[in-house]
Amino acid sequence: MNTMMEICAKKEVSIPCAGAVLSGELSIPEEARGLVIFAHGSGSSRHSPRNRWVAGQMHERQLATLLFDLLTPEEAAAEERGGMQRFDIPFLTERLIAATEWARQQPALKTLGIGYFGASTGAAAALAAASEISGIQAVVSRGGRTDLAGKAATEVRAPTLMIVGSLDYPVVEWNEETLELLPCTKRLSLVEGASHLFPEEGALERVALLAADWFAMHLTHVPPES
């Protein structure tokens, strides 16, 4: 019997973006039904154990994933010395849009519907990017700083799921405010007894299930260009 490791093709990729090159990992399971692009939170990277674990669960649902670094190594080093680019939502949005356009040009991905999975500040970038470019089919936020998306939330058309730990204050309140702004199909799901990073037993599993169900519901193949 094939294991998921055997049937999910993974490769390291380089994504050009406005004079920078961003590193990523693209994973495509057999008979992929959609592509989920991850936008990690502040101070994180494509190596985030939480996002990588969630991505693994998505592979089991025939969802391809792209995890990539929003910052170059030099930018990440500057962040560690006290930089603030990880909170620069327009900057992060530009990077996410560049990754989306790169994905759309890849032959193996051209017919896959695209969704965003954003965490912390990456969730704000996911909402902002979804408001700016057409064709994004779904957005999921995990513990997202959706408040930082500002008025961009009022322009999102992609079905949006926000997942927050019930103990994650004031993120719960910020997400409730964003829920009121969104004009699209939307849902706020609270994971009972969970805090910001969902370290509690079973909490991250719940996040993965909710996210995978949302993407499986909304991501569909797109017709190839004629």
# chains A, B, ... in the order shown; residues from 1 in each chain; ligands from 1
call {"tool": "select_by_dssp", "arguments": {"residues": "segment 31-61 of chain A", "states": "alpha helix (DSSP H)", "output": "ChimeraX atom specification"}}
result
/A:49-59
call {"tool": "closest_residue", "arguments": {"among": "A:Leu204, A:Leu148, A:Ala211, A:Ala64", "to": "Pro29 of chain A", "atoms": "only C-alpha atoms"}}
result
A:Ala64
call {"tool": "residues_around", "arguments": {"residues": "Arg145 of chain A", "least_positions_apart": "3", "cutoff": "8 Å", "atoms": "only C-alpha atoms", "output": "short mmCIF file (atom, residue, chain, number, x, y, z; two decimals) with C-alpha atoms, in the first residue's frame"}}
result
data_model
loop_
_atom_site.label_atom_id
_atom_site.label_comp_id
_atom_site.auth_asym_id
_atom_site.auth_seq_id
_atom_site.Cartn_x
_atom_site.Cartn_y
_atom_site.Cartn_z
CA ALA A 119 -1.78 32.58 10.30
CA SER A 120 -1.35 35.63 12.54
CA THR A 121 -0.21 38.57 10.37
CA GLY A 122 -0.21 36.26 7.35
CA ALA A 123 -3.99 36.06 7.67
CA ALA A 124 -4.25 39.82 7.12
CA LEU A 148 -4.69 44.38 10.28
CA ALA A 149 -6.40 43.78 6.92
CA VAL A 171 -7.89 37.85 18.77
CA TRP A 174 -10.74 41.18 16.34
CA ASN A 175 -12.06 38.26 14.30
#
call {"tool": "closest_residue", "arguments": {"among": "A:Gln57, A:Thr185, A:Ser45, A:Thr146", "to": "Ile163 of chain A", "atoms": "only C-alpha atoms"}}
result
A:Thr146
call {"tool": "residues_around", "arguments": {"residues": "Phe198 of chain A", "least_positions_apart": "6", "cutoff": "12 Å", "atoms": "only C-alpha atoms", "output": "PyMOL selection string"}}
result
chain A and resi 49-51+54+119+142-143+163-168+190-192+204-208
call {"tool": "residues_around", "arguments": {"residues": "segment 97-103 of chain A", "least_positions_apart": "2", "cutoff": "7 Å", "atoms": "only C-alpha atoms", "output": "PyMOL selection string"}}
result
chain A and resi 15+17+93-95+105-106+109+129
